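Have a look at entry32.txt; it's compact mmCIF, C-alpha atoms:
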```txt
# COMPACT_ATOMS: atom_id res chain seq x y z
CA MET A 22 40.14 18.27 24.19
CA VAL A 23 36.67 16.99 23.34
CA ASP A 24 35.30 18.12 26.72
CA GLN A 25 36.36 21.69 25.95
CA LEU A 26 33.84 21.79 23.12
CA PHE A 27 31.07 21.86 25.73
CA SER A 28 32.72 24.44 27.96
CA SER A 29 31.64 28.06 27.58
CA THR A 30 34.32 30.76 27.58
CA PHE A 31 31.90 32.98 29.55
CA SER A 32 31.17 30.53 32.34
CA SER A 33 32.94 27.86 34.30
CA SER A 34 29.92 25.50 34.11
CA ASN A 35 29.97 22.65 31.63
CA ILE A 36 27.09 21.12 29.72
CA ASP A 37 26.51 17.57 30.89
CA VAL A 38 26.17 15.80 27.56
CA LYS A 39 27.98 13.08 25.66
CA PRO A 40 29.41 14.09 22.27
CA THR A 41 28.18 10.83 20.71
CA MET A 42 24.62 11.48 21.88
CA LEU A 43 24.75 15.02 20.50
CA ALA A 44 26.00 13.70 17.15
CA LEU A 45 23.22 11.10 17.12
CA SER A 46 20.64 13.79 17.92
CA LEU A 47 21.84 16.05 15.10
CA LEU A 48 21.99 13.13 12.66
CA THR A 49 18.44 12.13 13.56
CA SER A 50 17.32 15.74 13.05
CA LEU A 51 18.94 15.81 9.64
CA ILE A 52 17.34 12.54 8.51
CA LEU A 53 13.89 13.55 9.75
CA GLY A 54 14.30 16.96 8.11
CA LEU A 55 15.08 15.29 4.78
CA LEU A 56 12.04 13.03 5.19
CA LEU A 57 9.85 16.03 5.99
CA ALA A 58 11.11 17.92 2.93
CA LYS A 59 10.42 14.85 0.77
CA ILE A 60 6.84 14.69 2.05
CA TYR A 61 6.31 18.40 1.43
CA LYS A 62 7.28 17.94 -2.23
CA TYR A 63 4.45 15.42 -2.68
CA LYS A 64 1.66 17.07 -4.73
CA THR A 65 3.02 20.55 -3.95
CA ILE A 66 4.49 23.33 -6.07
CA TYR A 67 7.66 24.24 -4.20
CA THR A 68 10.84 26.28 -4.40
CA LYS A 69 14.37 25.01 -3.98
CA GLU A 70 15.09 27.48 -1.17
CA PHE A 71 12.14 26.33 0.95
CA ILE A 72 12.97 22.62 0.53
CA ILE A 73 16.55 23.24 1.67
CA THR A 74 15.30 25.34 4.59
CA LEU A 75 12.84 22.64 5.62
CA ALA A 76 15.55 19.97 5.56
CA ILE A 77 17.99 22.06 7.63
CA LEU A 78 15.54 23.61 10.11
CA PRO A 79 15.20 20.60 12.50
CA ILE A 80 18.97 20.30 12.98
CA LEU A 81 19.19 24.07 13.57
CA ILE A 82 16.42 23.99 16.18
CA ALA A 83 17.99 20.94 17.85
CA MET A 84 21.30 22.79 18.18
CA ILE A 85 19.57 25.84 19.63
CA ILE A 86 17.73 23.71 22.20
CA PHE A 87 21.02 22.06 23.11
CA LEU A 88 22.73 25.43 23.63
CA VAL A 89 19.84 26.85 25.67
CA ASN A 90 19.93 23.83 28.01
CA GLY A 91 17.47 25.26 30.56
CA ASN A 92 19.00 28.75 30.68
CA LEU A 93 16.07 31.18 31.04
CA GLY A 94 18.02 34.23 29.85
CA THR A 95 19.24 32.48 26.74
CA SER A 96 15.71 31.20 26.07
CA VAL A 97 14.31 34.75 26.12
CA ALA A 98 17.08 35.96 23.80
CA VAL A 99 16.42 33.13 21.34
CA ALA A 100 12.67 33.81 21.42
CA GLY A 101 13.31 37.49 20.71
CA THR A 102 15.59 36.64 17.80
CA PHE A 103 13.00 34.34 16.23
CA GLY A 104 10.35 37.00 16.76
CA LEU A 105 12.48 39.54 14.90
CA ILE A 106 13.07 37.10 12.04
CA ARG A 107 9.33 36.43 11.81
CA PHE A 108 8.55 40.16 11.80
CA ARG A 109 10.95 40.74 8.91
CA SER A 110 9.76 37.72 6.89
CA ALA A 111 6.94 37.52 4.38
CA ALA A 112 3.95 35.43 5.39
CA GLY A 113 3.79 32.03 3.74
CA GLY A 114 0.95 29.75 2.80
CA ALA A 115 -0.91 27.57 5.29
CA LYS A 116 0.94 24.42 4.22
CA GLU A 117 4.33 26.13 4.45
CA ILE A 118 3.59 27.39 7.96
CA LEU A 119 2.39 23.93 9.00
CA PHE A 120 5.60 22.24 7.85
CA VAL A 121 7.76 24.91 9.51
CA PHE A 122 5.98 24.16 12.80
CA ILE A 123 6.47 20.43 12.27
CA ALA A 124 10.18 20.95 11.57
CA THR A 125 10.44 23.07 14.72
CA ALA A 126 8.71 20.38 16.81
CA ILE A 127 11.11 17.75 15.44
CA GLY A 128 14.10 19.92 16.29
CA ILE A 129 12.86 20.54 19.82
CA ALA A 130 12.28 16.83 20.42
CA THR A 131 15.68 15.75 19.10
CA GLY A 132 17.42 18.66 20.82
CA MET A 133 16.01 17.50 24.16
CA GLY A 134 17.08 13.93 23.46
CA PHE A 135 13.67 12.38 22.71
CA LEU A 136 14.89 10.69 19.53
CA VAL A 137 12.38 7.83 19.50
CA LEU A 138 9.53 10.25 20.16
CA ALA A 139 10.72 12.48 17.29
CA ILE A 140 10.85 9.52 14.90
CA LEU A 141 7.41 8.24 15.89
CA PHE A 142 5.98 11.77 15.74
CA THR A 143 7.35 12.29 12.23
CA LEU A 144 6.13 8.93 10.95
CA PHE A 145 2.68 9.52 12.43
CA LEU A 146 2.41 12.94 10.77
CA VAL A 147 3.69 11.58 7.45
CA PHE A 148 1.04 8.86 7.53
CA THR A 149 -1.70 11.35 8.51
CA LEU A 150 -0.73 13.84 5.79
CA TRP A 151 -0.64 11.06 3.19
CA ILE A 152 -4.19 10.02 4.14
CA TYR A 153 -5.45 13.60 3.91
CA GLU A 154 -3.78 14.17 0.53
CA ASN A 155 -5.27 11.01 -0.98
CA SER A 156 -8.77 11.18 0.49
CA ASN A 157 -11.83 13.34 -0.13
CA PHE A 158 -11.41 15.06 3.23
CA ALA A 159 -9.75 18.18 1.78
CA GLN A 160 -11.07 17.93 -1.77
CA VAL A 161 -11.89 21.34 -3.23
CA SER A 162 -15.46 21.82 -4.42
CA MET A 163 -15.73 21.77 -8.23
CA THR A 164 -18.67 24.20 -8.22
CA ARG A 165 -17.25 26.95 -6.02
CA ARG A 166 -16.00 30.06 -7.80
CA HIS A 167 -14.73 33.54 -7.00
CA GLY A 168 -16.18 36.09 -9.39
CA THR A 169 -14.98 39.64 -10.01
CA PHE A 170 -17.22 42.02 -11.95
CA THR A 171 -16.01 45.48 -13.01
CA VAL A 172 -18.93 47.73 -13.95
CA PRO A 173 -19.23 51.38 -15.08
CA ASN A 174 -19.58 53.90 -12.28
CA ASP A 175 -23.00 55.31 -13.16
CA GLU A 176 -26.41 55.47 -11.54
CA THR A 177 -27.32 51.87 -12.43
CA ASP A 178 -27.87 49.49 -9.50
CA TYR A 179 -25.52 46.78 -10.77
CA GLU A 180 -25.65 44.90 -7.47
CA LEU A 181 -29.35 44.21 -7.96
CA ILE A 182 -28.89 43.39 -11.65
CA LEU A 183 -26.01 40.99 -11.02
CA SER A 184 -27.97 39.29 -8.25
CA GLY A 185 -30.74 38.53 -10.74
CA ILE A 186 -28.32 37.26 -13.41
CA LEU A 187 -26.33 35.13 -10.98
CA ALA A 188 -29.52 33.57 -9.60
CA ARG A 189 -30.04 31.84 -12.95
CA THR A 190 -26.67 30.05 -12.91
CA CYS A 191 -25.72 29.90 -9.23
CA ARG A 192 -27.21 28.15 -6.23
CA GLU A 193 -25.56 30.77 -4.05
CA ALA A 194 -24.01 34.18 -4.74
CA ASN A 195 -22.64 36.22 -1.85
CA LEU A 196 -21.28 39.72 -2.35
CA THR A 197 -17.98 39.94 -0.44
CA SER A 198 -16.59 43.36 -1.38
CA VAL A 199 -17.23 46.52 -3.38
CA LYS A 200 -14.30 48.63 -4.53
CA ASN A 201 -14.26 51.99 -6.30
CA LEU A 202 -11.63 52.25 -9.07
CA ASN A 203 -11.18 56.01 -9.27
CA LYS A 204 -8.62 56.05 -12.10
CA GLU A 205 -10.84 53.96 -14.37
CA ASP A 206 -14.13 55.45 -13.10
CA LYS A 207 -15.46 51.95 -12.45
CA ILE A 208 -16.71 49.86 -9.56
CA GLN A 209 -15.44 46.36 -8.78
CA LEU A 210 -17.77 43.85 -7.14
CA GLU A 211 -16.50 40.51 -5.82
CA TYR A 212 -18.71 37.46 -5.21
CA ASP A 213 -18.34 34.00 -3.75
CA LEU A 214 -20.32 31.76 -6.10
CA ASP A 215 -21.64 28.21 -6.08
CA LEU A 216 -22.64 27.11 -9.58
CA LYS A 217 -25.70 25.00 -10.33
CA ALA A 218 -25.21 21.47 -11.65
CA ASN A 219 -26.24 22.42 -15.20
CA ALA A 220 -24.21 25.66 -15.29
CA ASN A 221 -20.59 26.41 -16.15
CA ASP A 222 -18.21 29.35 -16.30
CA PHE A 223 -18.95 30.17 -19.94
CA LYS A 224 -22.71 30.29 -19.37
CA LEU A 225 -22.21 32.60 -16.42
CA ILE A 226 -19.98 34.96 -18.40
CA ASN A 227 -22.30 34.95 -21.43
CA ASP A 228 -25.33 35.77 -19.26
CA VAL A 229 -23.53 38.80 -17.79
CA LEU A 230 -22.22 40.02 -21.16
CA ALA A 231 -25.64 39.55 -22.73
CA TYR A 232 -26.89 42.27 -20.43
CA ASN A 233 -23.96 44.66 -20.93
CA ASN A 234 -20.76 44.13 -22.90
CA ASP A 235 -19.02 46.85 -20.89
CA ILE A 236 -18.96 44.66 -17.77
CA GLU A 237 -15.59 42.98 -17.23
CA VAL A 238 -15.91 39.47 -15.80
CA SER A 239 -13.22 37.38 -14.11
CA ILE A 240 -13.98 33.90 -12.75
CA ALA A 241 -11.47 32.03 -10.56
CA ALA A 242 -11.78 28.40 -9.48
CA THR A 243 -9.70 28.95 -6.35
CA ALA A 244 -10.76 30.98 -3.34
CA LYS A 245 -9.20 34.39 -2.90
CA LYS A 246 -6.65 34.47 -0.09
CA ARG A 247 -7.63 36.68 2.81
CA LYS A 248 -5.50 38.32 5.47
CA THR A 249 -7.72 37.00 8.26
CA LEU A 250 -8.32 33.38 9.25
```
In structure tokens, write the structure found in this file.
Amino acid sequence: MVDQLFSSTFSSSNIDVKPTMLALSLLTSLILGLLLAKIYKYKTIYTKEFIITLAILPILIAMIIFLVNGNLGTSVAVAGTFGLIRFRSAAGGAKEILFVFIATAIGIATGMGFLVLAILFTLFLVFTLWIYENSNFAQVSMTRRHGTFTVPNDETDYELILSGILARTCREANLTSVKNLNKEDKIQLEYDLDLKANANDFKLINDVLAYNNDIEVSIAATAKKRKTL
């Protein structure tokens, strides 16, 4: 009766696998998935849905690898299905994508029976991520800013004027984009800024408003996300 679980109704060939080893593989995937989800929650703003997905994904991938079992046709079908899911899904953040790849790697390893390798791989990554999170390696600069300036759409060369104002408070000011706001008859200029040691956000805003109160200023401490890497 148990052997029939590994017998396909579409083929007379059986999968050469022990039920106990399959159960151990799936259990290992589940435990490592829970550990991975726990690590993701560390110093991260998360959603309940993503944590559950991250915990379940390794066991799902392990089961898919088990069912594929070297069948090229099935492998292509599975790849196409995952490609369709990715096409219909919204892009996530860099950390989310990283952990999805890690969960996939764990599922592949356990699905192929490399349980010890999967455990060591997970522990190594957990240790590495913990070091990165608690070191200065990925520390965000406290002087970097993203500034957005909305100016009237007239004949004034605001790019030149803003460059002069920003030079007093910033070590570096790079214009990244210029956008025309037709409905408001204004122009939006975006800069990547690096403040001087004796400057702050309020001084920067006051210097701009001292020139013209009609200029709208927005300063963000985090970099603006871009569609390209």
Mind pulling up the distance from atom CA of A:Leu187 to atom CA of A:Leu214?
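About the pair atom CA of A:Leu214 and atom CA of A:Leu187: they are 8.4 Å apart.
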State, in Å with one decimal place, the distance from atom CA of A:Glu193 to atom CA of A:Asp215.
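It comes out at 5.1 Å.
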Name the closest residue to A:Thr143 among the candidates A:Thr125, A:Arg192, A:Lys217, A:Ile240; distances are taken between atoms, counting all atoms listed in the file.
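Checking each candidate against A:Thr143, we get A:Thr125 as the closest.
With only C-alpha atoms as the atoms that count, the residue of A:Ala188, A:Ile86, A:Ile77, A:Ala124 with the shortest distance to A:Phe142 is A:Ala124.
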Atom CA of A:Lys207 to atom CA of A:Arg166: how many Å, to one decimal?
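Atom-to-atom, atom CA of A:Lys207 and atom CA of A:Arg166 are spaced 22.4 Å apart.
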May I have the protein, DNA and RNA residues with an atom at most 12 Å from (1.9, 15.2, 8.6), counting all atoms listed in the file in the file's coordinates, returned as a ChimeraX atom specification?
/A:56-61,63,116-117,119-124,126-127,141-154
Which residues come within 12 Å of A:Ile82, counting all atoms listed in the file, excluding same-chain residues fewer than 4 positions away, as a CSV table (one decimal) with C-alpha atoms, keeping the file's coordinate frame?
```
chain,number,residue,atom,x,y,z
A,46,SER,CA,20.6,13.8,17.9
A,47,LEU,CA,21.8,16.0,15.1
A,50,SER,CA,17.3,15.7,13.0
A,51,LEU,CA,18.9,15.8,9.6
A,54,GLY,CA,14.3,17.0,8.1
A,74,THR,CA,15.3,25.3,4.6
A,75,LEU,CA,12.8,22.6,5.6
A,76,ALA,CA,15.6,20.0,5.6
A,77,ILE,CA,18.0,22.1,7.6
A,78,LEU,CA,15.5,23.6,10.1
A,86,ILE,CA,17.7,23.7,22.2
A,87,PHE,CA,21.0,22.1,23.1
A,88,LEU,CA,22.7,25.4,23.6
A,89,VAL,CA,19.8,26.8,25.7
A,99,VAL,CA,16.4,33.1,21.3
A,100,ALA,CA,12.7,33.8,21.4
A,103,PHE,CA,13.0,34.3,16.2
A,121,VAL,CA,7.8,24.9,9.5
A,122,PHE,CA,6.0,24.2,12.8
A,123,ILE,CA,6.5,20.4,12.3
A,124,ALA,CA,10.2,21.0,11.6
A,125,THR,CA,10.4,23.1,14.7
A,126,ALA,CA,8.7,20.4,16.8
A,127,ILE,CA,11.1,17.8,15.4
A,128,GLY,CA,14.1,19.9,16.3
A,129,ILE,CA,12.9,20.5,19.8
A,130,ALA,CA,12.3,16.8,20.4
A,131,THR,CA,15.7,15.8,19.1
A,132,GLY,CA,17.4,18.7,20.8
A,133,MET,CA,16.0,17.5,24.2
```
Centre, edges in Å (one decimal): axis-aligned box, stretch 236-242 of chain A, 8 Å padding on all six sides, as AutoDock Vina command-line options:
```
--center_x -15.2 --center_y 36.5 --center_z -13.6 --size_x 23.5 --size_y 32.3 --size_z 24.3
```
Pick the closest to A:Val137 from A:Ala44, A:Ala241, A:Cys191, A:Leu53: which is it, counting all atoms listed in the file?
A:Leu53
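Nearest to A:Lys64 of all the residues A:Thr171, A:Thr41, A:Asn227, A:Asn155 is A:Asn155, based on all atoms listed in the file.
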Which residue of A:Ala115, A:Met84, A:Ile208, A:Ala139 approaches A:Pro173 most closely, using only C-alpha atoms:
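Ranked by minimum distance to A:Pro173, first place goes to A:Ile208.
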What's around stretch 182-185 of chain A at 10 Å? Count all atoms listed in the file, leave out sequence neighbours fewer than 6 positions away in its own chain, and write the answer as a PDB file with C-alpha atoms, keeping the file's coordinate frame.
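Writing the result to result.pdb gives the following:
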```pdb
ATOM      1  CA  PHE A 170     -17.220  42.020 -11.950  1.00  0.00           C
ATOM      2  CA  CYS A 191     -25.720  29.900  -9.230  1.00  0.00           C
ATOM      3  CA  GLU A 193     -25.560  30.770  -4.050  1.00  0.00           C
ATOM      4  CA  ALA A 194     -24.010  34.180  -4.740  1.00  0.00           C
ATOM      5  CA  ASN A 195     -22.640  36.220  -1.850  1.00  0.00           C
ATOM      6  CA  LEU A 196     -21.280  39.720  -2.350  1.00  0.00           C
ATOM      7  CA  LEU A 210     -17.770  43.850  -7.140  1.00  0.00           C
ATOM      8  CA  TYR A 212     -18.710  37.460  -5.210  1.00  0.00           C
ATOM      9  CA  ASP A 228     -25.330  35.770 -19.260  1.00  0.00           C
ATOM     10  CA  VAL A 229     -23.530  38.800 -17.790  1.00  0.00           C
ATOM     11  CA  TYR A 232     -26.890  42.270 -20.430  1.00  0.00           C
TER      12      TYR A 232
END
```
Which is closest to A:Leu202 among A:Val172, A:Ile186, A:Leu230, A:Ile118, if we use all atoms listed in the file?
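Ranking A:Val172, A:Ile186, A:Leu230, A:Ile118 by distance to A:Leu202, first place goes to A:Val172.
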